[in-house]
Amino acid sequence: MDRIVTIPHTPVTKCQAPRPTRSASSASWIAFRALLLRDLVVLRKNLGAFIPRTVLQPFLLVFIFLYVFPKIGTSVGGSGAAESGFAAVLIAGTVGLSIMFQGIQAVALPMVQEFGYTKEIEDRVLAPLPVWMVAVGKVAAGAIQGLIAAAIVFPVAAVVHVKEIQVHLTVHWPILLTMLPLACVMCAALGLTFGTRFDPRQVPVLFGIIILPMTFLGGTYYAWTTLAPVKVGAWSWLQTVVLANPLIYVTEGFRAALTGSPHMHLYAVYPVMTGFCALFMWLGIKGFRKRVLS
Amino acid sequence: MDEDTHSGSDTGALGPSEAVICCERLTKVYPGDILAVDRLDLAVRPGEIFGLLGPNGAGKTTTAGMLTTRIIPTSGKAIVAGIDVVRHPALAKQVLGVVPQTNTLDRSLNVWENLYFHGRFFGMGAKEARAAADAGLVTFRLTERAKAPVMALSGGMAQRLMVARAIVHRPSVLFLDEPTAGLDPQSRIALWEILGKLHGEGPTIFVSTHNMEEADSLCDRLAIMDHGRILALDTPEGLKASVGADTIVSVTAAGDMAALSRLLEERVDGALRAQPVGGAIQLHVKGATGVLPQVVTAAERGGFTITDLSIAEPSLETVFISLTGKDLRD
């Protein structure tokens, strides 16, 4: 065995080989945009599935509450003017809920699949950008899908109702134009957090134990301000408990943006949503790095 | 690429200034104190096909993972194409091409789009990426499947597409992790041909494998790895010559194998060593003729009944067994 050469310990001084042609920051930015382009091309290919999946839930919500219930005489919001007020509350809630579901469907579920079975994400992680930017790219693509979803859902929600209901929407543009991107990014970041923390077998848990209560206690069907009478003693406990739900700020934010009805104060909505945004982004990127690097 | 640096089969240690991959005391300890790679020193020359040969669990994938930024070393240095991959992973990724063990093709895209978007990720413009994708399909004989979903490809085709994708951006180093594992023999040979063609004209190629035939036929130089350490490094010919024998006789017999080993070592002309491996004895012989009759006679006189007997030239497996005392397939 004397002819076998084992490599001695040699200090590494310099290596010769073709060098990168771009700076890390310029290559990263180009790769980030290309990843986004890839996600949008995939979205375009899947529009046939994207549109029904996006429209169906909000359509059913307004169909049942604003068409079927009034027809069969089970009015939810009261009658007449109260019913019309409820319509506005519901439509704002529906837009918020749709954006949250985009975060789950566009970011969390595909990511669970990619980490669990397909491993496709491992190739994109080798693109010349930092790993955290790959994660941010996922959030950006998810947020864009959220915006598109909101744009499709809003007209659907606004037109499906019985003739007797007058939907009085008052659009506050500055609020709407800031609330939309903030909500979309927050929900996509929430999707990233879920997507990096659940494996495929746990998806039923994600839906059954997390998404379901978030949906029902997220202020889709009622305004947060109207929860005050749900009390134990003097404590409006439900109003307090739902504050832990990120969705309540989204639906209240859209209520402020789209209706003239009472809503949670915007001084609370904006900072808390920004805080959730930062928290989910941080948790999501941390989870993503943990999944792709070892 | 400097053609002169990989033309010879010299076995001397490599000066670090020539290397395209340099590892310096590279170590990875996984949680639970699992030492996967143990103070690895390695220098790979520009343009060569370099093989990392070892059994499953030897640390090959971990080594490749550290060199391609996916696994963060516990300590030590890893430099690829002059870039410290631990400190500047995003920069290093510009010059890396990676073909992982599992199929990581983008299932949402078709065959052509997989190549096109890879080009875009690596900074090609739309036109350039389109041309590169077209050319890649031609080179890898996938043009007819351009519009097919990647899930419809056979294993061999998917593997070809993964290699095609990994070189779209003309990397300095192409890493392949067990590239032919799970491929049928025909696809395996096709892939070797492709890598042979790439050799010299394109990137330095770093292959990890536990397939000795692959290592032998493909690689300019090879490192034999076990338990996270490199045991030997040379050309395949150099490694085989290092065994010292020109003939390897495998003997299976009933009875005390240790006694038979000693007996054969003593009685057979030119016998260098005999060692029991997996139920048989491997006898290394040099410069002798008529070895088999001698083995049979010696065994019979010692009271052993031979049940199987074969003769072969030294292979990389022989080298591996000599180094570790165990079969590569174990």
# chains A, B, ... in the order shown; residues from 1 in each chain; ligands from 1
call {"tool": "closest_atom_pairs", "arguments": {"of": "chain B", "to": "chain A", "cutoff": "7 Å", "atoms": "only C-alpha atoms", "output": "CSV"}}
result
residue,atom,partner,partner_atom,distance
B:Thr11,CA,A:Val5,CA,6.8
B:Ala13,CA,A:Ile7,CA,5.9
B:Pro16,CA,A:Val12,CA,5.6
B:Ser17,CA,A:Cys15,CA,4.9
B:Glu18,CA,A:Gln16,CA,5.9
B:Ala19,CA,A:Cys15,CA,5.3
B:Val20,CA,A:Ala17,CA,5.6
B:Cys22,CA,A:Val12,CA,6.7
B:Glu24,CA,A:Val12,CA,6.7
B:Asp41,CA,A:His9,CA,6.1
B:Leu42,CA,A:Ile7,CA,6.8
B:Pro46,CA,A:Ala17,CA,6.8
B:Arg70,CA,A:Leu293,CA,5.2
B:Ile71,CA,A:Ser294,CA,4.8
B:Ile72,CA,A:Ser294,CA,6.0
B:Ala81,CA,A:Ala17,CA,4.8
B:Gly82,CA,A:Cys15,CA,4.6
B:Ala90,CA,A:Leu129,CA,4.8
B:Leu91,CA,A:Ala24,CA,4.8
B:Lys93,CA,A:Pro128,CA,4.8
B:Gln94,CA,A:Pro128,CA,5.1
B:Val95,CA,A:Pro20,CA,6.0
B:Thr104,CA,A:Glu120,CA,4.3
B:Leu105,CA,A:Glu120,CA,5.9
B:Asp106,CA,A:Glu120,CA,5.7
B:Ser108,CA,A:Val42,CA,6.4
B:Phe117,CA,A:Arg38,CA,6.8
B:Arg120,CA,A:Ala34,CA,5.7
B:Phe121,CA,A:Ala31,CA,4.4
B:Phe122,CA,A:Ala31,CA,6.2
B:Gly123,CA,A:Ile30,CA,5.9
B:Ser172,CA,A:Pro18,CA,6.0
B:Leu231,CA,A:Thr6,CA,6.7
B:Ala232,CA,A:Thr6,CA,5.2
B:Leu233,CA,A:Val5,CA,5.5
B:Asp234,CA,A:Val5,CA,6.3
B:Leu239,CA,A:Ile4,CA,6.3
B:Ser242,CA,A:Arg3,CA,5.1
B:Val243,CA,A:Met1,CA,5.6
call {"tool": "write_last_selection", "arguments": {"atoms": "N, CA and C atoms", "output": "compact mmCIF listing (two decimals), in the first residue's frame"}}
result
# COMPACT_ATOMS: atom_id res chain seq x y z
N THR B 11 0.94 11.21 -9.45
CA THR B 11 0.22 10.97 -8.21
C THR B 11 0.64 11.90 -7.09
N ALA B 13 1.17 15.03 -4.54
CA ALA B 13 0.24 15.94 -3.89
C ALA B 13 0.21 17.24 -4.67
N PRO B 16 -1.81 23.90 -3.67
CA PRO B 16 -3.14 24.49 -3.54
C PRO B 16 -3.43 25.56 -4.59
N SER B 17 -2.38 26.17 -5.12
CA SER B 17 -2.62 27.25 -6.08
C SER B 17 -3.20 26.72 -7.38
N GLU B 18 -3.05 25.42 -7.65
CA GLU B 18 -3.58 24.86 -8.89
C GLU B 18 -5.02 24.39 -8.74
N ALA B 19 -5.50 24.31 -7.52
CA ALA B 19 -6.74 23.58 -7.28
C ALA B 19 -7.97 24.42 -7.58
N VAL B 20 -9.02 23.76 -8.07
CA VAL B 20 -10.30 24.45 -8.26
C VAL B 20 -11.21 24.18 -7.07
N CYS B 22 -10.66 23.29 -3.02
CA CYS B 22 -9.72 23.07 -1.92
C CYS B 22 -10.51 22.90 -0.63
N GLU B 24 -9.84 22.32 3.47
CA GLU B 24 -8.80 22.35 4.48
C GLU B 24 -9.41 21.97 5.82
N ASP B 41 -8.89 17.04 3.93
CA ASP B 41 -8.05 17.89 3.08
C ASP B 41 -8.15 17.36 1.67
N LEU B 42 -8.40 18.25 0.74
CA LEU B 42 -8.62 17.80 -0.62
C LEU B 42 -8.26 18.92 -1.59
N PRO B 46 -8.21 21.80 -11.91
CA PRO B 46 -9.13 22.31 -12.93
C PRO B 46 -9.27 21.33 -14.09
N ARG B 70 -24.98 23.73 0.70
CA ARG B 70 -26.22 23.25 1.31
C ARG B 70 -26.01 22.76 2.74
N ILE B 71 -24.80 22.34 3.03
CA ILE B 71 -24.51 21.86 4.38
C ILE B 71 -23.44 22.78 4.96
N ILE B 72 -23.68 23.27 6.15
CA ILE B 72 -22.74 24.22 6.74
C ILE B 72 -21.72 23.45 7.58
N ALA B 81 -13.43 27.38 -6.78
CA ALA B 81 -13.15 28.42 -7.77
C ALA B 81 -12.72 29.72 -7.09
N GLY B 82 -11.94 29.57 -6.06
CA GLY B 82 -11.39 30.74 -5.40
C GLY B 82 -12.32 31.42 -4.42
N ALA B 90 -23.72 32.81 -1.59
CA ALA B 90 -24.49 33.32 -2.73
C ALA B 90 -23.55 33.57 -3.92
N LEU B 91 -22.36 34.07 -3.64
CA LEU B 91 -21.39 34.33 -4.70
C LEU B 91 -20.90 33.01 -5.30
N LYS B 93 -22.40 30.21 -5.48
CA LYS B 93 -23.42 29.48 -6.24
C LYS B 93 -23.40 29.86 -7.72
N GLN B 94 -22.87 31.04 -8.04
CA GLN B 94 -22.77 31.45 -9.45
C GLN B 94 -21.92 30.47 -10.27
N VAL B 95 -20.93 29.85 -9.63
CA VAL B 95 -19.99 29.01 -10.40
C VAL B 95 -20.20 27.52 -10.13
N THR B 104 -34.89 16.69 -8.56
CA THR B 104 -35.37 18.00 -8.09
C THR B 104 -35.85 18.85 -9.26
N LEU B 105 -36.24 18.22 -10.36
CA LEU B 105 -36.76 18.98 -11.49
C LEU B 105 -38.04 19.70 -11.08
N ASP B 106 -38.27 20.85 -11.70
CA ASP B 106 -39.43 21.67 -11.37
C ASP B 106 -40.66 21.08 -12.05
N SER B 108 -43.69 21.93 -11.97
CA SER B 108 -44.69 22.87 -12.49
C SER B 108 -44.32 23.36 -13.88
N PHE B 117 -35.65 28.56 -17.33
CA PHE B 117 -35.67 29.31 -16.08
C PHE B 117 -34.38 29.16 -15.29
N ARG B 120 -32.31 31.79 -16.57
CA ARG B 120 -32.73 33.09 -16.06
C ARG B 120 -32.29 33.29 -14.61
N PHE B 121 -32.41 32.25 -13.79
CA PHE B 121 -31.97 32.37 -12.39
C PHE B 121 -30.51 32.79 -12.33
N PHE B 122 -29.73 32.28 -13.29
CA PHE B 122 -28.29 32.55 -13.28
C PHE B 122 -27.91 33.75 -14.13
N GLY B 123 -28.89 34.62 -14.39
CA GLY B 123 -28.57 35.92 -14.96
C GLY B 123 -28.58 36.01 -16.46
N SER B 172 -18.17 26.48 -13.16
CA SER B 172 -16.75 26.09 -13.11
C SER B 172 -16.61 24.65 -12.63
N LEU B 231 -8.95 7.75 2.57
CA LEU B 231 -7.96 6.72 2.87
C LEU B 231 -6.87 6.68 1.82
N ALA B 232 -7.21 7.02 0.59
CA ALA B 232 -6.24 6.98 -0.48
C ALA B 232 -6.71 7.87 -1.61
N LEU B 233 -5.72 8.40 -2.35
CA LEU B 233 -6.10 9.28 -3.46
C LEU B 233 -5.09 9.10 -4.58
N ASP B 234 -5.57 8.75 -5.76
CA ASP B 234 -4.66 8.53 -6.89
C ASP B 234 -5.51 8.36 -8.15
N LEU B 239 -4.19 3.51 -8.01
CA LEU B 239 -4.77 2.87 -6.84
C LEU B 239 -4.70 1.36 -6.96
N SER B 242 -1.33 0.07 -6.47
CA SER B 242 -0.86 0.21 -5.10
C SER B 242 -1.07 -1.06 -4.28
N VAL B 243 -1.98 -1.90 -4.76
CA VAL B 243 -2.22 -3.15 -4.03
C VAL B 243 -0.98 -4.03 -4.10
call {"tool": "select_by_dssp", "arguments": {"residues": "region 194-265 of chain B", "states": "helix (DSSP H, G or I)", "output": "MDAnalysis selection string"}}
result
chainID B and resid 194:198 212:218 236:242 257:265
call {"tool": "write_last_selection", "arguments": {"atoms": "C-alpha atoms", "output": "mmCIF file, in the first residue's frame"}}
result
data_model
loop_
_atom_site.group_PDB
_atom_site.id
_atom_site.type_symbol
_atom_site.label_atom_id
_atom_site.label_comp_id
_atom_site.auth_asym_id
_atom_site.auth_seq_id
_atom_site.Cartn_x
_atom_site.Cartn_y
_atom_site.Cartn_z
ATOM 1 C CA ILE B 194 -22.172 12.577 -21.745
ATOM 2 C CA LEU B 195 -19.813 13.219 -18.858
ATOM 3 C CA GLY B 196 -16.917 11.996 -20.971
ATOM 4 C CA LYS B 197 -17.841 14.568 -23.631
ATOM 5 C CA LEU B 198 -18.128 17.355 -21.082
ATOM 6 C CA MET B 212 -16.595 1.052 -8.646
ATOM 7 C CA GLU B 213 -17.131 0.564 -12.333
ATOM 8 C CA GLU B 214 -18.318 4.138 -12.598
ATOM 9 C CA ALA B 215 -15.353 5.441 -10.655
ATOM 10 C CA ASP B 216 -12.908 3.347 -12.663
ATOM 11 C CA SER B 217 -14.151 4.225 -16.116
ATOM 12 C CA LEU B 218 -15.023 7.855 -15.509
ATOM 13 C CA PRO B 236 -7.657 4.505 -10.755
ATOM 14 C CA GLU B 237 -4.609 2.763 -12.253
ATOM 15 C CA GLY B 238 -2.369 4.071 -9.503
ATOM 16 C CA LEU B 239 -4.774 2.868 -6.835
ATOM 17 C CA LYS B 240 -5.010 -0.599 -8.359
ATOM 18 C CA ALA B 241 -1.235 -0.792 -8.731
ATOM 19 C CA SER B 242 -0.860 0.208 -5.095
ATOM 20 C CA MET B 257 -10.724 -19.798 7.047
ATOM 21 C CA ALA B 258 -7.948 -18.226 9.076
ATOM 22 C CA ALA B 259 -5.943 -21.433 8.874
ATOM 23 C CA LEU B 260 -6.541 -21.682 5.130
ATOM 24 C CA SER B 261 -5.402 -18.060 4.719
ATOM 25 C CA ARG B 262 -2.124 -18.800 6.484
ATOM 26 C CA LEU B 263 -1.669 -21.961 4.480
ATOM 27 C CA LEU B 264 -2.187 -20.231 1.129
ATOM 28 C CA GLU B 265 0.143 -17.385 2.075
#
call {"tool": "select_by_dssp", "arguments": {"residues": "region 47-161 of chain B", "states": "strand (DSSP E)", "output": "list in words"}}
result
Ile49, Phe50, Gly51, Leu52, Leu53, Ser75, Gly76, Lys77, Ala78, Ile79, Val80, Ile83, Asp84, Leu96, Gly97, Val98 and Val99 of chain B
call {"tool": "residues_around", "arguments": {"residues": "Tyr67 (chain A)", "least_positions_apart": "4", "cutoff": "9 Å", "atoms": "only C-alpha atoms", "output": "ChimeraX atom specification"}}
result
/A:62-63,71-72,160-163
call {"tool": "write_last_selection", "arguments": {"atoms": "C-alpha atoms", "output": "PDB file, in the first residue's frame"}}
result
ATOM      1  CA  VAL A  62     -72.105  35.701   0.108  1.00  0.00           C
ATOM      2  CA  PHE A  63     -74.494  33.377  -1.724  1.00  0.00           C
ATOM      3  CA  LYS A  71     -84.862  34.215   0.494  1.00  0.00           C
ATOM      4  CA  ILE A  72     -85.801  31.630   3.110  1.00  0.00           C
ATOM      5  CA  VAL A 160     -74.178  38.373  -5.335  1.00  0.00           C
ATOM      6  CA  HIS A 161     -77.132  39.306  -3.118  1.00  0.00           C
ATOM      7  CA  VAL A 162     -80.918  39.560  -3.193  1.00  0.00           C
ATOM      8  CA  LYS A 163     -82.441  42.662  -4.690  1.00  0.00           C
TER       9      LYS A 163
END
call {"tool": "residues_around", "arguments": {"residues": "Arg229 (chain B)", "least_positions_apart": "3", "cutoff": "9 Å", "atoms": "only C-alpha atoms", "output": "VMD selection string"}}
result
chain B and resid 36 to 41 58 to 59 224 to 226
call {"tool": "atom_distance", "arguments": {"atom1": "CA of Arg273 (chain B)", "atom2": "CA of Lys286 (chain B)"}}
result
10.0 Å
call {"tool": "atom_distance", "arguments": {"atom1": "CA of Val249 (chain B)", "atom2": "CA of His284 (chain B)"}}
result
6.6 Å
call {"tool": "residues_around", "arguments": {"residues": "Asp220 (chain B)", "least_positions_apart": "5", "cutoff": "9 Å", "atoms": "only C-alpha atoms", "output": "short mmCIF file (atom, residue, chain, number, x, y, z; two decimals) with C-alpha atoms, in the first residue's frame"}}
result
data_model
loop_
_atom_site.label_atom_id
_atom_site.label_comp_id
_atom_site.auth_asym_id
_atom_site.auth_seq_id
_atom_site.Cartn_x
_atom_site.Cartn_y
_atom_site.Cartn_z
CA HIS B 6 -4.90 17.25 -15.89
CA SER B 9 -1.49 10.47 -14.26
CA GLU B 48 -10.38 16.84 -14.17
CA ILE B 49 -13.13 14.36 -13.36
CA PHE B 50 -12.59 13.71 -9.70
CA GLY B 51 -14.32 10.85 -7.94
CA ALA B 215 -15.35 5.44 -10.66
CA ASP B 234 -4.66 8.53 -6.89
CA THR B 235 -5.59 7.70 -10.48
CA PRO B 236 -7.66 4.51 -10.75
#
call {"tool": "residues_around", "arguments": {"residues": "region 94-96 of chain A", "least_positions_apart": "3", "cutoff": "8 Å", "atoms": "only C-alpha atoms", "output": "PyMOL selection string"}}
result
chain A and resi 58+61+90-91+99-100+150+153-154+157+183+220+247+250-251+254
call {"tool": "write_last_selection", "arguments": {"atoms": "N, CA and C atoms", "output": "CSV table (one decimal), in the first residue's frame"}}
result
chain,number,residue,atom,x,y,z
A,58,PRO,N,-65.5,32.6,-1.3
A,58,PRO,CA,-66.2,33.8,-1.1
A,58,PRO,C,-67.6,33.8,-1.8
A,61,LEU,N,-70.0,32.0,0.4
A,61,LEU,CA,-70.2,32.8,1.6
A,61,LEU,C,-71.3,33.8,1.4
A,90,LEU,N,-69.9,41.8,5.7
A,90,LEU,CA,-69.5,40.5,5.2
A,90,LEU,C,-68.6,40.6,4.0
A,91,ILE,N,-68.9,41.6,3.1
A,91,ILE,CA,-68.0,41.7,1.9
A,91,ILE,C,-66.6,42.0,2.3
A,99,ILE,N,-57.7,36.7,1.1
A,99,ILE,CA,-56.3,37.0,1.1
A,99,ILE,C,-55.6,36.0,2.0
A,100,MET,N,-56.2,35.7,3.1
A,100,MET,CA,-55.5,34.8,4.0
A,100,MET,C,-55.4,33.4,3.4
A,150,ALA,N,-57.9,39.2,-4.3
A,150,ALA,CA,-58.7,40.3,-3.8
A,150,ALA,C,-59.4,41.0,-5.0
A,153,VAL,N,-62.2,38.6,-6.1
A,153,VAL,CA,-63.2,38.3,-5.1
A,153,VAL,C,-64.2,39.5,-4.9
A,154,PHE,N,-63.6,40.7,-4.9
A,154,PHE,CA,-64.3,41.9,-4.6
A,154,PHE,C,-65.6,42.1,-5.4
A,157,ALA,N,-68.2,39.3,-4.6
A,157,ALA,CA,-68.8,39.5,-3.3
A,157,ALA,C,-69.8,40.7,-3.4
A,183,ALA,N,-51.8,43.4,4.0
A,183,ALA,CA,-52.5,42.2,4.3
A,183,ALA,C,-52.0,41.0,3.5
A,220,THR,N,-64.8,37.5,10.0
A,220,THR,CA,-65.4,37.5,8.6
A,220,THR,C,-66.9,37.9,8.6
A,247,LEU,N,-56.0,37.4,11.6
A,247,LEU,CA,-57.0,37.6,10.6
A,247,LEU,C,-57.9,38.8,11.0
A,250,VAL,N,-56.9,42.0,9.7
A,250,VAL,CA,-57.1,42.1,8.2
A,250,VAL,C,-58.6,42.5,7.9
A,251,THR,N,-59.5,41.7,8.5
A,251,THR,CA,-60.9,42.0,8.2
A,251,THR,C,-61.3,43.3,8.7
A,254,PHE,N,-60.0,45.9,6.3
A,254,PHE,CA,-60.8,46.1,5.1
A,254,PHE,C,-62.2,46.7,5.4
call {"tool": "closest_residue", "arguments": {"among": "A:Ala92, A:Gly253, A:Phe65, A:Gln57", "to": "Ile175 (chain A)", "atoms": "only C-alpha atoms"}}
result
A:Gly253
call {"tool": "closest_residue", "arguments": {"among": "A:Ser98, A:Gln105, A:Ser236, A:Ser84", "to": "Leu56 (chain A)", "atoms": "only C-alpha atoms"}}
result
A:Ser98
call {"tool": "closest_residue", "arguments": {"among": "A:Leu206, A:Ala82, A:Ile104, A:Leu258", "to": "Val171 (chain A)", "atoms": "only C-alpha atoms"}}
result
A:Leu258
call {"tool": "residues_around", "arguments": {"residues": "region 242-245 of chain A", "least_positions_apart": "4", "cutoff": "8 Å", "atoms": "only C-alpha atoms", "output": "list in words"}}
result
Met214, Leu217, Gly218, Leu238 and Tyr249 of chain A
call {"tool": "write_last_selection", "arguments": {"atoms": "N, CA and C atoms", "output": "PDB file, in the first residue's frame"}}
result
ATOM      1  N   MET A 214     -59.142  30.094  13.087  1.00  0.00           N
ATOM      2  CA  MET A 214     -58.743  31.414  12.600  1.00  0.00           C
ATOM      3  C   MET A 214     -59.828  32.010  11.724  1.00  0.00           C
ATOM      4  N   LEU A 217     -63.088  32.741  13.892  1.00  0.00           N
ATOM      5  CA  LEU A 217     -62.881  33.791  14.885  1.00  0.00           C
ATOM      6  C   LEU A 217     -62.069  34.949  14.313  1.00  0.00           C
ATOM      7  N   GLY A 218     -62.138  35.090  12.989  1.00  0.00           N
ATOM      8  CA  GLY A 218     -61.341  36.138  12.341  1.00  0.00           C
ATOM      9  C   GLY A 218     -62.147  37.336  11.893  1.00  0.00           C
ATOM     10  N   LEU A 238     -64.566  37.413  24.489  1.00  0.00           N
ATOM     11  CA  LEU A 238     -64.352  37.011  23.101  1.00  0.00           C
ATOM     12  C   LEU A 238     -63.625  38.112  22.328  1.00  0.00           C
ATOM     13  N   TYR A 249     -57.363  41.558  12.337  1.00  0.00           N
ATOM     14  CA  TYR A 249     -56.851  42.887  11.948  1.00  0.00           C
ATOM     15  C   TYR A 249     -57.033  43.111  10.449  1.00  0.00           C
TER      16      TYR A 249
END
call {"tool": "closest_atom_pairs", "arguments": {"of": "region 245-270 of chain B", "to": "region 317-324 of chain B", "cutoff": "12 Å", "atoms": "only C-alpha atoms", "output": "Markdown table"}}
result
| residue | atom | partner | partner_atom | distance |
| --- | --- | --- | --- | --- |
| B:Ala245 | CA | B:Thr318 | CA | 9.9 |
| B:Asp246 | CA | B:Thr318 | CA | 11.0 |
| B:Thr247 | CA | B:Thr318 | CA | 10.4 |
| B:Ile248 | CA | B:Thr318 | CA | 8.1 |
| B:Val249 | CA | B:Thr318 | CA | 10.7 |
| B:Ser250 | CA | B:Thr318 | CA | 10.9 |
